[in-house]
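This report concerns only the one structure given below.
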Amino acid sequence: MTTSNVADQTTLQDPTKQYPRPKFEEQSQEAPGLAKKMNPKPDHGEETYKGSGRLAGRKAIITGADSGIGRAVAIAFAREGADIVLNYLPSEEEDAKEVISLIEQAGRKAIPIAGDLSEEKFCNRLVEDAVHQLGGLDILVNVAGRQEAEEDISKLTTQQFEMTYKTNVFGLFWLCKAALAHLQAGATIVNTASIQAYQPSPTLLDYASTKAAIVAFTKGLAKQVASKGIRVNAVAPGPIWTPLQPSGGQPTEKLPEFGAKTPLGRPGQPAELAPIYVLLASQESSYVTGETYGVTGGNMLP
Ligand code: NAD
Ligand code: MG
């Protein structure tokens, strides 16, 4: 495995040589997993992301903000000038603390509201508390998600199927519904789909189908709220180096080769996703709605 230059937004670099490439060390953690226990550690842009006021004064909710893609988005949003409510599960407090401190170092508000998005009551409370504490809401970024690989449909339990749908689809529905009661013209929603919506793995029946649902939901909702001046888009990542994968998202023996089959030959890092979320949340993407933006290392969306 090559350890590499840390990426930054401006230096010209060969993307196949940025960041660690397979093989990785075999590793596993209990779900939902912690970023700090991963080897190598994911890059969330801590050392590199430079803001330029693209979200100055915005008020945002980011789910899954403790680790992975959500953490990278939180760091970038704060450095672009946004105040942030962070949601994550109570067991992820350790990861969340690191993000809170990074947001505060950027001079922005970081308001942690831990809790389980598979419960409608909590989703409603999260939005209400966020609006109250931020003094309004301009951006909802749905990043939280659950992924548990299962080789055979005969072993895929109703409980797992339900929990994946509750977290990935119902939670997102409840949050969008509650947020839309507060969003004004110019506001944006950014959802997180996956390459799995288009190229499902045989081991991810529940997860892949939730991601296809998110793509369709994003398109329909975008049409529904366009006349109000509210935009809704999604990001569809390919294989990204985050705690989701070693905590049950992949069969353990597959992790060493994670990302090897992409044309760029490596998994993406959370830091490589953040600029797309910033773009879709900001006024710069004013004519973009209902789209799903792939960040896949070359495993293109159809
Ligand atoms: P991650 O583990 O860092 O983030 C997922 C987060 O989801 C967790 O941190 C946790 O806070 C949150 N979460 C899970 N269940 C929850 C629940 N019931 N209530 C509240 N929060 C809950 O991993 P990540 O890869 O950064 O995942 C972020 C998003 O990206 C997910 O939606 C995932 O499906 C999507 N995604 C990831 C990949 C990848 O390869 N890592 C690829 C495509 C899409
Ligand atoms: Mg986490």
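A note on labels: chains of the structure tokens are A, B, ... as shown, every chain counts residues from 1, and ligands are counted from 1 in their shown order.
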
Checklist entry - What do you get as a ChimeraX atom specification if you pick all residues at most 9 Å from ligand 2, counting only C-alpha atoms and all ligand atoms? => result /A:31-35,64-68,70-71,88-89,91-93,95-96,144,242-244

Item to check | Neighbour list for region 181-193 of chain A as a list in words, cut-off 7 Å, only C-alpha atoms, skip fewer than 6 positions in-chain | outcome: Leu137, Asp138, Ile139, Leu140, Val141, Asn142, Val143, Lys211, Ile214, Val215, Lys228, Gly229, Ile230, Arg231, Val232, Asn233, Ala234, Val235, Ala236, Leu280 and Ala281 of chain A

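Rounded to one decimal, CA of Glu47 (chain A) and atom 3 (O, counted along the ligand's line) of ligand 1 lie 18.2 Å from each other.
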
Checklist entry - Restricting the calculation to only C-alpha atoms, which member of A:Glu104, A:Ile111, A:Thr203, A:Glu120 is positioned closest to Asp152 (chain A)? => result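 Closest residue, counting only C-alpha atoms: A:Thr203.
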
Taking only residues of region 176-278 of chain A that have an atom at most 9 Å from an atom of region 12-17 of chain A, what is each one's shortest atom pair and its distance in Å to one decimal, using only C-alpha atoms, in chain and number order, as a tab-separated table?
residue	atom	partner	partner_atom	distance
A:Pro263	CA	A:Thr16	CA	9.0
A:Leu264	CA	A:Thr16	CA	5.4
A:Gly265	CA	A:Thr16	CA	6.7
A:Arg266	CA	A:Thr16	CA	7.3

How would the residues just chosen look if you wrote them out with N, CA, C and O atoms as a CSV table (one decimal), in the first residue's frame?
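Once everything was written out, this is again28.csv:
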chain,number,residue,atom,x,y,z
A,263,PRO,N,-11.8,2.4,-11.9
A,263,PRO,CA,-10.8,2.8,-12.8
A,263,PRO,C,-9.6,3.6,-12.2
A,263,PRO,O,-8.5,3.5,-12.6
A,264,LEU,N,-9.9,4.3,-11.1
A,264,LEU,CA,-8.8,5.1,-10.4
A,264,LEU,C,-8.0,4.1,-9.5
A,264,LEU,O,-7.0,4.5,-8.9
A,265,GLY,N,-8.5,2.9,-9.2
A,265,GLY,CA,-7.7,1.9,-8.5
A,265,GLY,C,-7.7,2.0,-7.0
A,265,GLY,O,-6.8,1.4,-6.4
A,266,ARG,N,-8.5,2.9,-6.4
A,266,ARG,CA,-8.4,3.1,-5.0
A,266,ARG,C,-9.8,3.6,-4.5
A,266,ARG,O,-10.6,4.1,-5.3

Next on the checklist: So that I can check the secondary structure, give me every residue of region 144-240 of chain A assigned alpha helix (DSSP H) by backbone DSSP, as a PyMOL selection string.
Outcome noted: chain A and resi 158-165+171-180+205-225

For the residues in the current selection, export C-alpha atoms as a compact mmCIF listing (two decimals), in the first residue's frame.
# COMPACT_ATOMS: atom_id res chain seq x y z
CA THR A 158 -37.03 -8.75 8.42
CA GLN A 159 -35.51 -6.84 11.31
CA GLN A 160 -32.42 -5.90 9.29
CA PHE A 161 -34.47 -5.07 6.19
CA GLU A 162 -36.75 -2.85 8.25
CA MET A 163 -33.94 -1.11 10.13
CA THR A 164 -32.09 -0.29 6.89
CA TYR A 165 -35.26 1.18 5.39
CA GLY A 171 -35.52 8.93 8.45
CA LEU A 172 -34.72 10.96 5.36
CA PHE A 173 -38.44 11.34 4.55
CA TRP A 174 -39.24 12.49 8.10
CA LEU A 175 -36.37 14.99 8.11
CA CYS A 176 -37.25 16.44 4.69
CA LYS A 177 -40.90 16.76 5.70
CA ALA A 178 -40.11 18.49 9.00
CA ALA A 179 -37.44 20.74 7.44
CA LEU A 180 -39.66 21.88 4.57
CA LEU A 205 -30.21 -6.11 -1.27
CA ASP A 206 -31.73 -3.97 1.48
CA TYR A 207 -29.12 -1.21 1.34
CA ALA A 208 -28.94 -0.91 -2.47
CA SER A 209 -32.72 -0.70 -2.78
CA THR A 210 -32.89 2.08 -0.15
CA LYS A 211 -30.38 4.04 -2.21
CA ALA A 212 -32.48 3.59 -5.37
CA ALA A 213 -35.45 4.86 -3.35
CA ILE A 214 -33.43 7.93 -2.33
CA VAL A 215 -32.64 8.75 -5.97
CA ALA A 216 -36.33 8.59 -6.94
CA PHE A 217 -37.41 10.49 -3.82
CA THR A 218 -34.86 13.22 -4.57
CA LYS A 219 -36.11 13.63 -8.16
CA GLY A 220 -39.79 13.73 -7.16
CA LEU A 221 -39.29 16.09 -4.24
CA ALA A 222 -37.15 18.39 -6.39
CA LYS A 223 -40.07 18.76 -8.81
CA GLN A 224 -42.56 19.23 -5.97
CA VAL A 225 -40.71 22.12 -4.29

Checklist entry - Skipping near chain neighbours, those fewer than 3 positions away, what residues fall within 10 Å of Leu255 (chain A) using only C-alpha atoms, listed as a ChimeraX atom specification? => result /A:22-28,241,245-246,249-252,258-260

Would you export the selected residues with N, CA and C atoms as a JSON list (two decimals), in the first residue's frame, please?
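Output (result04.json):
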[["chain", "number", "residue", "atom", "x", "y", "z"],
["A", 22, "PRO", "N", -5.29, 0.00, -2.28],
["A", 22, "PRO", "CA", -5.27, -1.38, -1.79],
["A", 22, "PRO", "C", -3.87, -1.97, -2.04],
["A", 23, "LYS", "N", -3.41, -2.96, -1.25],
["A", 23, "LYS", "CA", -4.19, -3.68, -0.26],
["A", 23, "LYS", "C", -4.22, -2.98, 1.09],
["A", 24, "PHE", "N", -5.36, -3.12, 1.78],
["A", 24, "PHE", "CA", -5.48, -2.61, 3.13],
["A", 24, "PHE", "C", -5.38, -3.77, 4.12],
["A", 25, "GLU", "N", -5.12, -3.38, 5.37],
["A", 25, "GLU", "CA", -5.09, -4.37, 6.43],
["A", 25, "GLU", "C", -6.53, -4.84, 6.71],
["A", 26, "GLU", "N", -6.69, -6.16, 6.95],
["A", 26, "GLU", "CA", -8.02, -6.64, 7.33],
["A", 26, "GLU", "C", -8.36, -6.05, 8.70],
["A", 27, "GLN", "N", -9.58, -5.55, 8.87],
["A", 27, "GLN", "CA", -9.95, -4.92, 10.14],
["A", 27, "GLN", "C", -11.46, -4.95, 10.28],
["A", 28, "SER", "N", -11.93, -5.01, 11.52],
["A", 28, "SER", "CA", -13.38, -4.92, 11.70],
["A", 28, "SER", "C", -13.72, -4.27, 13.03],
["A", 241, "TRP", "N", -13.56, 5.40, 1.85],
["A", 241, "TRP", "CA", -12.88, 4.85, 3.03],
["A", 241, "TRP", "C", -13.46, 5.47, 4.30],
["A", 245, "GLN", "N", -17.67, 0.76, 6.23],
["A", 245, "GLN", "CA", -17.20, -0.45, 5.53],
["A", 245, "GLN", "C", -16.63, -1.51, 6.46],
["A", 246, "PRO", "N", -15.68, -1.16, 7.38],
["A", 246, "PRO", "CA", -15.18, -2.20, 8.29],
["A", 246, "PRO", "C", -16.14, -2.53, 9.43],
["A", 249, "GLY", "N", -20.33, -3.20, 6.63],
["A", 249, "GLY", "CA", -20.74, -2.80, 5.28],
["A", 249, "GLY", "C", -20.19, -3.71, 4.19],
["A", 250, "GLN", "N", -19.02, -4.29, 4.46],
["A", 250, "GLN", "CA", -18.37, -5.24, 3.54],
["A", 250, "GLN", "C", -18.11, -6.53, 4.31],
["A", 251, "PRO", "N", -18.15, -7.68, 3.63],
["A", 251, "PRO", "CA", -17.62, -8.87, 4.30],
["A", 251, "PRO", "C", -16.14, -8.59, 4.65],
["A", 252, "THR", "N", -15.70, -8.93, 5.87],
["A", 252, "THR", "CA", -14.37, -8.55, 6.36],
["A", 252, "THR", "C", -13.25, -8.89, 5.39],
["A", 258, "PHE", "N", -10.68, -3.14, -1.07],
["A", 258, "PHE", "CA", -11.74, -2.13, -1.19],
["A", 258, "PHE", "C", -11.32, -1.02, -2.17],
["A", 259, "GLY", "N", -12.12, -0.80, -3.18],
["A", 259, "GLY", "CA", -11.86, 0.27, -4.15],
["A", 259, "GLY", "C", -10.94, -0.13, -5.29],
["A", 260, "ALA", "N", -10.37, -1.34, -5.24],
["A", 260, "ALA", "CA", -9.38, -1.75, -6.25],
["A", 260, "ALA", "C", -9.99, -1.83, -7.65]]

Checklist entry - Quick one: residues within 9 Å of Ile113 (chain A), only C-alpha atoms counted, chain neighbours fewer than 2 positions away excluded, as number ranges by chain? => result A: 85-89, 111, 115, 126, 129-130

Next on the checklist: If we count only C-alpha atoms and set the cut-off at 12 Å, which residues sit around Glu284 (chain A), ignoring sequence neighbours fewer than 6 positions away in its own chain? Please answer as a count of residues only.
Outcome noted: 10

Next on the checklist: Between CA of Ile69 (chain A) and CA of Glu128 (chain A), what distance in Å does the model show, to one decimal?
Outcome noted: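 Value for the CA of Ile69 (chain A)-CA of Glu128 (chain A) distance: 24.1 Å.
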